[in-house]
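Read the structure below first, then the notes.
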Amino acid sequence: MSRRVHRLTPLLSLISFNSPHLSYLKRAHALLIVSGAGTARPIARRLTFLYSLRSIDDAVLLHSQLRFQDPIASNYVVKFLVRSSQPMQVLSFFSQQVHPIGCRPSKCTFPLLITAAKICKFINHGKLLHCLAVKLGFMSHVPIPNSLVHMYAYILAFDHARQVFVEMPNRDTVAYNSLLSGYAKNGYLEEAEILFSSMPEVNAISRSILFKGYLRNGQFEKGHAFFNQMLILGLIPDEHSIITLLSVITQFKLVPHGKMVHGFLIKRLLNITTRVRIALINFYCICGHPDSAIFLFEQTRMDNVFLWNALISGIAGLGFGKTALELFARMQFNGVKPNENTFKCLLLICGHAGLVDKGLEYFVMMYSMYGIKPTLDHYWCLVDLFVRTGRSDDALKIVQKLQCDGHSFLWDELVSVSKARGDISICEYLGRMMIELQPDNSMIYMRLLNLYAESSTWDKYLEIMNEMKQRKLKNTPGYVDHELIQVANP
């Protein structure tokens with residue numbers, strides 16, 4: 001017996017750590033099974049926890065092979081399934097491996113099950129969990145009715161949400177905010193206002209929810225008045241509320257309102273976060289005030305790539321491509337490493353300015369100097385650059401090298417640019433390639449029909465029509481009819 005314990009000691013030491021490598025964990029698990037110790041409750045529970053950390057599928061498999069009911073092991077799996085963003089598997093695991101064997105979930109795990117039903121928008125699962133919570137006597141545990149209110153409100157079952165809310169013996173601010181959020185997000189602003197006014201205690205989250213509800217549902221005047229009221233009361237809106245307000249202000253180009261928000265932040269001597277600074281830079285650039293954007297940028301630490309990207313793209317959007325490229329050179333000089341979006345912006349700038357050599361230089365620099373693998377967006381920018389400068393052959397070579405999955409993504413933009421340049425050869429090639437991939441997809445044929453009709457290439461138009469007839473594909477309303485050819489080309 002002592003010899004067996006001696007052999008198990010290193011294995012038990014290994015699984016005592018919270019982060020063993022998966023391969024080592026599986027080896028230890030195999031040796032524990034061979035030794036007969038793998039079925040012991042403490043060891044099986046520990047293995048379930050470690051597998052949940054490293055491989056949730058293996059954890060589910062191990063749980064299905066347990067010879068005993070273990071709520072703690074079940075809770076481990078449920079918890080990590082939710083963390084791994086697999087809500088369908090959470091409900092499946094609970095209904096197949098936990099509930100049928102009578103393994104009672106804990107009060108801490110139950111809100112996770114309700115969250116999974118919420119994410120999946122399965123109201124029937126939510127109702128079953130609600131009934132089970134009542135049966136198990138969990139409704140007195142405040143987080144559970146709070147989770148139910150939030151779930152019902154999220155899936156627009158407001159009658160059920162209100163019923164759970166009313167029946168709660170002790171309603172806290174979380175319950176009020178859950179119902180308030182459901183109303184505000186889905187346009188029930190009158191109900192949201194009534195609930196807000198009845199709250200015994202209003203916190204910053206409550207105000208933020210109602211404020212964003214006004215803006216989300218197009219009631220900007222009410223939202224702006226509510227924002228001003230918050231300022232009068234000396235309340236500081238959270239970061240997300242300020243960014244939401246700035247996005248609406250930017251959309252409608254309400255310059256005085258944007259400056260007021262900026263002034264408020266300066267007046268209160270607040271630490272303006274990076275995300276808020278980016279929103280302000282976007283506001284000033286889109287509203288045609290590049291000097292203010294640059295001035296704001298100069299006041300920040302210049303080591304954040306997202307701030308650089310915001311300024312470069314904003315300045316370029318105003319037509320100052322040369323200035324934007326100079327900003328990138330300055331960014332490099334300051335030692336800030338660019339990312340994928342930086343080069344996407346640079347390639348677009350070069351495309352609009354017709355700077356083929358410069359664009360190719362940036363494209364090569366992206367992966368040779370900074371190790372950034374080009375994405376479909378970067379290849380599209382390169383295609384756009386070649387098409388705009390009349391180098392259709394080079395553009396076609398790029399399209400031929402692209403992954404097939406991206407062809408439909410490129411179509412609309414490529415068609416608009418190609419037609420503007422009077423060269424449809426690339427789009428024609430792309431359409432033919434897509435037909436080879438999806439020969440029974442009528443929408444692809446329709447795209448080519450539109451292309452040939454708009455370019456008056458009626459012979460090729462007829463070829464596509466004949467192909468569709470042979471494959472017994474139906475024409476789609478809204479596209480050029482065969483009779484139009486006879487009118488245009490009698």
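Chain lettering (A, B, ...) mirrors the order of the structure tokens, residue numbering begins at 1 for each chain separately, and ligand numbering begins at 1 in order of display.
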Who sits within 9 Å of Ile372 in chain A, only C-alpha atoms, same chain under 6 positions skipped, as a VMD selection string = chain A and resid 339 to 340 365 to 366
Using N, CA and C atoms, can you write the selected residues to a file as a compact mmCIF listing (two decimals), in the first residue's frame?
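Generated file (again02.txt):
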# COMPACT_ATOMS: atom_id res chain seq x y z
N ASN A 339 -0.87 48.72 -36.28
CA ASN A 339 -1.59 47.45 -36.30
C ASN A 339 -2.28 47.27 -37.66
N GLU A 340 -3.14 46.26 -37.77
CA GLU A 340 -3.81 45.96 -39.03
C GLU A 340 -4.60 47.16 -39.56
N MET A 365 5.84 46.53 -46.12
CA MET A 365 6.28 46.91 -44.78
C MET A 365 5.45 46.22 -43.70
N MET A 366 4.17 46.04 -43.99
CA MET A 366 3.25 45.48 -43.00
C MET A 366 3.73 44.13 -42.48
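Interatomic distance, CA of Ser55 in chain A to CA of Ala73 in chain A: 14.5 Å.
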Fewer than 4 positions away in the same chain doesn't count, so skip those; otherwise give me all residues within 10 Å of range 199-203 of chain A, counting only C-alpha atoms, as a list of chain:residue names.
->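 What passes the distance filter is A:Arg171, A:Asp172, A:Thr173, A:Tyr176, A:Asn177, A:Leu180, A:Ile194, A:Leu195, A:Arg207, A:Ser208, A:Leu235.
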Kindly export the residues of the current selection with C-alpha atoms, as an mmCIF file, in the first residue's frame.
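Final file, again17.cif:
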data_model
loop_
_atom_site.group_PDB
_atom_site.id
_atom_site.type_symbol
_atom_site.label_atom_id
_atom_site.label_comp_id
_atom_site.auth_asym_id
_atom_site.auth_seq_id
_atom_site.Cartn_x
_atom_site.Cartn_y
_atom_site.Cartn_z
ATOM 1 C CA ARG A 171 -36.221 44.311 -4.623
ATOM 2 C CA ASP A 172 -32.750 45.783 -4.865
ATOM 3 C CA THR A 173 -31.323 48.257 -7.381
ATOM 4 C CA TYR A 176 -34.894 47.734 -10.947
ATOM 5 C CA ASN A 177 -32.006 48.226 -13.376
ATOM 6 C CA LEU A 180 -35.334 49.353 -16.676
ATOM 7 C CA ILE A 194 -42.427 55.431 -14.827
ATOM 8 C CA LEU A 195 -40.184 52.744 -13.375
ATOM 9 C CA ARG A 207 -29.326 57.089 -15.113
ATOM 10 C CA SER A 208 -26.955 55.749 -17.735
ATOM 11 C CA LEU A 235 -23.271 63.601 -11.431
#
Identify, with DSSP run on backbone atoms, the residues in range 10-199 of chain A assigned to alpha helix (DSSP H), and express the list as a ChimeraX atom specification.
-> /A:10-14,22-35,41-54,56-64,71-83,87-93,110-120,123-135,143-154,158-167,173-185,189-198
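Taking CA of Tyr76 in chain A and CA of Thr48 in chain A as the two end points, the separation is 7.3 Å.
Using only C-alpha atoms, the contacts of Ser181 in chain A at a cut-off of 10 Å, with sequence neighbours closer than 4 positions omitted, comprise His150, Ala153, Tyr154, Ala175, Tyr176, Asn177, Lys185, Asn186, Tyr188, Ala192, Ile205, Ser206, Ser208, Ile209, Leu210, Lys212 and Gly213 of chain A.
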Could the residues in this selection be written to a file with N, CA and C atoms, as a PDB file, in the first residue's frame?
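The resulting file, part-v5.pdb, is shown below:
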ATOM      1  N   HIS A 150     -33.975  39.792 -15.502  1.00  0.00           N
ATOM      2  CA  HIS A 150     -33.101  40.200 -16.604  1.00  0.00           C
ATOM      3  C   HIS A 150     -33.328  39.327 -17.837  1.00  0.00           C
ATOM      4  N   ALA A 153     -36.783  40.138 -19.464  1.00  0.00           N
ATOM      5  CA  ALA A 153     -36.730  41.452 -20.117  1.00  0.00           C
ATOM      6  C   ALA A 153     -35.887  41.397 -21.382  1.00  0.00           C
ATOM      7  N   TYR A 154     -34.806  40.620 -21.344  1.00  0.00           N
ATOM      8  CA  TYR A 154     -33.903  40.517 -22.503  1.00  0.00           C
ATOM      9  C   TYR A 154     -34.587  39.878 -23.692  1.00  0.00           C
ATOM     10  N   ALA A 175     -32.439  44.619  -9.516  1.00  0.00           N
ATOM     11  CA  ALA A 175     -33.716  44.208 -10.100  1.00  0.00           C
ATOM     12  C   ALA A 175     -34.354  45.363 -10.869  1.00  0.00           C
ATOM     13  N   TYR A 176     -34.341  46.559 -10.259  1.00  0.00           N
ATOM     14  CA  TYR A 176     -34.894  47.734 -10.947  1.00  0.00           C
ATOM     15  C   TYR A 176     -34.136  47.999 -12.257  1.00  0.00           C
ATOM     16  N   ASN A 177     -32.811  47.942 -12.179  1.00  0.00           N
ATOM     17  CA  ASN A 177     -32.006  48.226 -13.376  1.00  0.00           C
ATOM     18  C   ASN A 177     -32.200  47.185 -14.468  1.00  0.00           C
ATOM     19  N   LYS A 185     -33.963  49.584 -23.743  1.00  0.00           N
ATOM     20  CA  LYS A 185     -33.318  49.063 -24.948  1.00  0.00           C
ATOM     21  C   LYS A 185     -34.313  48.756 -26.056  1.00  0.00           C
ATOM     22  N   ASN A 186     -35.538  48.433 -25.670  1.00  0.00           N
ATOM     23  CA  ASN A 186     -36.515  47.976 -26.657  1.00  0.00           C
ATOM     24  C   ASN A 186     -37.610  48.984 -26.952  1.00  0.00           C
ATOM     25  N   TYR A 188     -39.551  50.895 -24.946  1.00  0.00           N
ATOM     26  CA  TYR A 188     -40.663  51.132 -24.020  1.00  0.00           C
ATOM     27  C   TYR A 188     -40.266  52.261 -23.059  1.00  0.00           C
ATOM     28  N   ALA A 192     -40.261  52.842 -18.996  1.00  0.00           N
ATOM     29  CA  ALA A 192     -38.956  53.056 -18.364  1.00  0.00           C
ATOM     30  C   ALA A 192     -38.973  54.302 -17.485  1.00  0.00           C
ATOM     31  N   ILE A 205     -25.743  53.858 -12.713  1.00  0.00           N
ATOM     32  CA  ILE A 205     -26.093  52.873 -13.742  1.00  0.00           C
ATOM     33  C   ILE A 205     -27.531  53.097 -14.220  1.00  0.00           C
ATOM     34  N   SER A 206     -28.432  53.393 -13.267  1.00  0.00           N
ATOM     35  CA  SER A 206     -29.832  53.628 -13.626  1.00  0.00           C
ATOM     36  C   SER A 206     -29.951  54.811 -14.577  1.00  0.00           C
ATOM     37  N   SER A 208     -27.612  56.071 -16.476  1.00  0.00           N
ATOM     38  CA  SER A 208     -26.955  55.749 -17.735  1.00  0.00           C
ATOM     39  C   SER A 208     -27.867  54.914 -18.635  1.00  0.00           C
ATOM     40  N   ILE A 209     -28.605  53.970 -18.039  1.00  0.00           N
ATOM     41  CA  ILE A 209     -29.517  53.118 -18.809  1.00  0.00           C
ATOM     42  C   ILE A 209     -30.601  53.952 -19.483  1.00  0.00           C
ATOM     43  N   LEU A 210     -31.222  54.837 -18.724  1.00  0.00           N
ATOM     44  CA  LEU A 210     -32.295  55.653 -19.294  1.00  0.00           C
ATOM     45  C   LEU A 210     -31.761  56.626 -20.327  1.00  0.00           C
ATOM     46  N   LYS A 212     -29.071  56.297 -22.274  1.00  0.00           N
ATOM     47  CA  LYS A 212     -28.757  55.591 -23.516  1.00  0.00           C
ATOM     48  C   LYS A 212     -30.029  55.096 -24.207  1.00  0.00           C
ATOM     49  N   GLY A 213     -31.071  54.826 -23.431  1.00  0.00           N
ATOM     50  CA  GLY A 213     -32.352  54.451 -24.030  1.00  0.00           C
ATOM     51  C   GLY A 213     -32.929  55.577 -24.868  1.00  0.00           C
TER      52      GLY A 213
END
Here CA of Gln96 in chain A and CA of Leu31 in chain A stand apart by 28.7 Å
